[in-house]
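A short write-up of the structure that comes next.
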Amino acid sequence: MCARPISLAWPGGVVSFTFDDFPKTALTTGGSILERYGVRGTYYASLKLAGTETVVGPMFDPQDVGAAHNAGHEIGCHTYAHLDCDRAAKSLILTEVRDNAAAVSAIIQGFVPSNFAYPYGSVSPTAKRVVGPRFSSCRGIRKGINHGIVDLADLLAMAVYDVDFDEVEIRRMVDHNRSIAGWLIFFTHDVVETPSRYGCKPGQLESVVAYAAKDTAILPVREVIAGLRVTGQSHSPNLRADQTGS
């Protein structure tokens, strides 16, 4: 089986803000916005991208990883080289996960990311079989709210992108999430006044954070997963990134 179905019900709803690839502005601007509201986010990092520049702007460096961690944000796994997992072989996906864990552990001693996001949102049965048992959760980019029976190997999410930013729709989703006791995961990349097609403006992100913060819990992915475990709704997987699989 590729899926990891669980029953999820979070009274009052819960929201997570996540950043893919970890461009610098996701922390310097995006992280600062979250911190002003007393909340933290999840940063899915591909460590081979450290110190480079991509379509979403200058990427994080090792100091940024440490700074985010020390500020209480979560560092998640996004494979080592931002691998498209859709057509990749099991052995390559496993190597990418192991290499990323080792690179993160070299920066934050002893720390191994426990949550994963598929680069490009590319999911395959093989990828789900490889990463699903190794992480507490795996997030894709299919739009939706996680509620009722959800798949921890392919969590739903909602983009916050400048190119199609719709504050009315986003607020509707936040309200609906609260009414159905769901988990709404937002994702974006760069946070800058002239964002890439995969990023948003600071004012856009802040409007979403501010609206959600009024009546909804905002937690990093790891804390939602921990809450689900406490209530007995999910089972703890083997999170060792160096584990071999079937």
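Ordering of the structure tokens sets the chain letters (A, B, ...), residue numbers begin anew at 1 in every chain, and ligands are numbered from 1 in the order given.
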Which residues of region 29-124 of chain A come within 12 Å of region 147-162 of chain A, and for each one, what is the closest pair of atoms and their distance in Å to one decimal, counting only C-alpha atoms, sorted by chain and residue number, as a tab-separated table?
```
residue	atom	partner	partner_atom	distance
A:Gly30	CA	A:Val160	CA	11.8
A:Val56	CA	A:Tyr161	CA	11.8
A:Asn115	CA	A:Leu152	CA	10.0
A:Phe116	CA	A:Ala153	CA	9.0
A:Ala117	CA	A:Asp154	CA	8.6
A:Tyr118	CA	A:Asp154	CA	8.6
A:Gly121	CA	A:Asp154	CA	9.4
A:Ser122	CA	A:Asp154	CA	10.2
A:Val123	CA	A:Asp154	CA	7.9
A:Ser124	CA	A:Asp154	CA	9.9
```
Could those residues be written to a file, using N, CA and C atoms, as a short mmCIF file (atom, residue, chain, number, x, y, z; two decimals), in the first residue's frame?
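Generated file (again-v1.cif):
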```cif
data_model
loop_
_atom_site.label_atom_id
_atom_site.label_comp_id
_atom_site.auth_asym_id
_atom_site.auth_seq_id
_atom_site.Cartn_x
_atom_site.Cartn_y
_atom_site.Cartn_z
N GLY A 30 9.26 36.15 5.28
CA GLY A 30 8.17 35.26 5.67
C GLY A 30 8.24 34.84 7.12
N VAL A 56 13.45 31.29 -7.76
CA VAL A 56 12.78 31.93 -6.63
C VAL A 56 13.73 32.83 -5.85
N ASN A 115 9.52 15.56 8.54
CA ASN A 115 8.43 15.76 7.60
C ASN A 115 8.98 16.11 6.23
N PHE A 116 8.24 15.76 5.19
CA PHE A 116 8.73 15.79 3.82
C PHE A 116 7.72 16.48 2.91
N ALA A 117 8.23 17.16 1.89
CA ALA A 117 7.38 17.67 0.80
C ALA A 117 7.98 17.24 -0.52
N TYR A 118 7.13 16.78 -1.43
CA TYR A 118 7.59 16.33 -2.74
C TYR A 118 8.01 17.53 -3.59
N GLY A 121 5.86 19.02 -6.27
CA GLY A 121 4.60 18.34 -6.00
C GLY A 121 4.46 17.04 -6.75
N SER A 122 5.56 16.53 -7.29
CA SER A 122 5.53 15.31 -8.11
C SER A 122 5.51 14.06 -7.24
N VAL A 123 4.41 13.34 -7.31
CA VAL A 123 4.21 12.15 -6.48
C VAL A 123 4.02 10.94 -7.37
N SER A 124 4.56 9.82 -6.95
CA SER A 124 4.34 8.56 -7.65
C SER A 124 4.15 7.47 -6.61
#
```
Counting only C-alpha atoms, which residues of region 114-217 of chain A fall within 12 Å of region 41-50 of chain A, and what is the closest atom pair for each with its distance in Å at one decimal, ordered by chain and rising number, as JSON lines?
```
{"residue": "A:Ser114", "atom": "CA", "partner": "A:Tyr44", "partner_atom": "CA", "distance": 10.5}
{"residue": "A:Asn115", "atom": "CA", "partner": "A:Tyr44", "partner_atom": "CA", "distance": 8.3}
{"residue": "A:Phe116", "atom": "CA", "partner": "A:Tyr44", "partner_atom": "CA", "distance": 6.9}
{"residue": "A:Ala117", "atom": "CA", "partner": "A:Tyr44", "partner_atom": "CA", "distance": 6.5}
{"residue": "A:Tyr118", "atom": "CA", "partner": "A:Tyr44", "partner_atom": "CA", "distance": 9.2}
{"residue": "A:Pro119", "atom": "CA", "partner": "A:Ser46", "partner_atom": "CA", "distance": 8.9}
{"residue": "A:Tyr120", "atom": "CA", "partner": "A:Tyr44", "partner_atom": "CA", "distance": 11.8}
{"residue": "A:Cys138", "atom": "CA", "partner": "A:Tyr44", "partner_atom": "CA", "distance": 10.6}
{"residue": "A:Arg139", "atom": "CA", "partner": "A:Tyr44", "partner_atom": "CA", "distance": 9.9}
{"residue": "A:Gly140", "atom": "CA", "partner": "A:Tyr44", "partner_atom": "CA", "distance": 11.6}
{"residue": "A:Ile185", "atom": "CA", "partner": "A:Thr42", "partner_atom": "CA", "distance": 10.1}
{"residue": "A:Phe186", "atom": "CA", "partner": "A:Gly41", "partner_atom": "CA", "distance": 9.9}
{"residue": "A:Phe187", "atom": "CA", "partner": "A:Thr42", "partner_atom": "CA", "distance": 9.3}
{"residue": "A:Thr188", "atom": "CA", "partner": "A:Tyr43", "partner_atom": "CA", "distance": 10.0}
{"residue": "A:His189", "atom": "CA", "partner": "A:Tyr43", "partner_atom": "CA", "distance": 9.4}
{"residue": "A:Asp190", "atom": "CA", "partner": "A:Tyr43", "partner_atom": "CA", "distance": 11.5}
{"residue": "A:Val209", "atom": "CA", "partner": "A:Gly41", "partner_atom": "CA", "distance": 10.8}
```
Atoms kept (N, CA and C atoms) for selection, written as a short mmCIF file (atom, residue, chain, number, x, y, z; two decimals), in the first residue's frame:
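Ended up saving to out-v5.cif:
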```cif
data_model
loop_
_atom_site.label_atom_id
_atom_site.label_comp_id
_atom_site.auth_asym_id
_atom_site.auth_seq_id
_atom_site.Cartn_x
_atom_site.Cartn_y
_atom_site.Cartn_z
N SER A 114 11.77 15.36 10.05
CA SER A 114 10.76 14.31 10.25
C SER A 114 9.55 14.47 9.32
N ASN A 115 9.52 15.56 8.54
CA ASN A 115 8.43 15.76 7.60
C ASN A 115 8.98 16.11 6.23
N PHE A 116 8.24 15.76 5.19
CA PHE A 116 8.73 15.79 3.82
C PHE A 116 7.72 16.48 2.91
N ALA A 117 8.23 17.16 1.89
CA ALA A 117 7.38 17.67 0.80
C ALA A 117 7.98 17.24 -0.52
N TYR A 118 7.13 16.78 -1.43
CA TYR A 118 7.59 16.33 -2.74
C TYR A 118 8.01 17.53 -3.59
N PRO A 119 9.26 17.59 -4.05
CA PRO A 119 9.66 18.68 -4.95
C PRO A 119 8.75 18.72 -6.18
N TYR A 120 8.39 19.90 -6.59
CA TYR A 120 7.48 20.14 -7.70
C TYR A 120 6.08 19.58 -7.45
N CYS A 138 4.09 13.50 4.51
CA CYS A 138 4.60 13.90 3.21
C CYS A 138 3.54 14.80 2.58
N ARG A 139 3.95 15.98 2.13
CA ARG A 139 3.00 16.95 1.59
C ARG A 139 3.17 17.12 0.10
N GLY A 140 2.06 17.14 -0.61
CA GLY A 140 2.08 17.42 -2.03
C GLY A 140 1.62 18.83 -2.30
N ILE A 185 -3.02 23.46 5.00
CA ILE A 185 -1.59 23.71 4.87
C ILE A 185 -1.36 24.66 3.70
N PHE A 186 -0.83 25.83 3.99
CA PHE A 186 -0.46 26.78 2.94
C PHE A 186 1.01 26.56 2.55
N PHE A 187 1.32 26.84 1.28
CA PHE A 187 2.72 26.78 0.86
C PHE A 187 3.02 27.89 -0.13
N THR A 188 4.26 28.34 -0.10
CA THR A 188 4.76 29.30 -1.07
C THR A 188 6.28 29.16 -1.14
N HIS A 189 6.93 30.06 -1.84
CA HIS A 189 8.39 30.02 -1.94
C HIS A 189 8.96 31.36 -1.47
N ASP A 190 9.33 32.23 -2.39
CA ASP A 190 9.89 33.53 -2.02
C ASP A 190 8.79 34.47 -1.52
N VAL A 209 -1.88 35.22 7.16
CA VAL A 209 -1.50 34.90 8.53
C VAL A 209 -2.42 35.63 9.51
#
```
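CA of Asp175 (chain A) sits 13.7 Å away from CA of Asn146 (chain A).
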Tell me, as a ChimeraX atom specification, which residues lie within 9 Å of Val192 (chain A), counting only C-alpha atoms; anything in the same chain fewer than 6 positions away does not count.
/A:25-26,29-30,199-202
Selection file, C-alpha atoms, as a PDB file, in the first residue's frame:
```
ATOM      1  CA  THR A  25      13.234  35.746   1.770  1.00  0.00           C
ATOM      2  CA  ALA A  26      11.073  32.906   3.048  1.00  0.00           C
ATOM      3  CA  THR A  29      10.549  38.204   5.395  1.00  0.00           C
ATOM      4  CA  GLY A  30       8.168  35.258   5.669  1.00  0.00           C
ATOM      5  CA  GLY A 199       6.102  33.276  -4.492  1.00  0.00           C
ATOM      6  CA  CYS A 200       4.016  36.014  -2.939  1.00  0.00           C
ATOM      7  CA  LYS A 201       4.277  39.583  -1.708  1.00  0.00           C
ATOM      8  CA  PRO A 202       4.826  40.243   2.005  1.00  0.00           C
TER       9      PRO A 202
END
```
Selected residue of minimal separation from His82 (chain A) among A:Asp20, A:His69, A:Gly31, A:Ala127, counting only C-alpha atoms:
A:Asp20
When you draw a straight line from CA of Ile180 (chain A) to CA of Pro11 (chain A), how long is it in Å?
8.1 Å
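The closest residue to Glu193 (chain A), picked from A:Glu169, A:Val55, A:Glu74, A:Leu205 and counting only C-alpha atoms, is A:Leu205.
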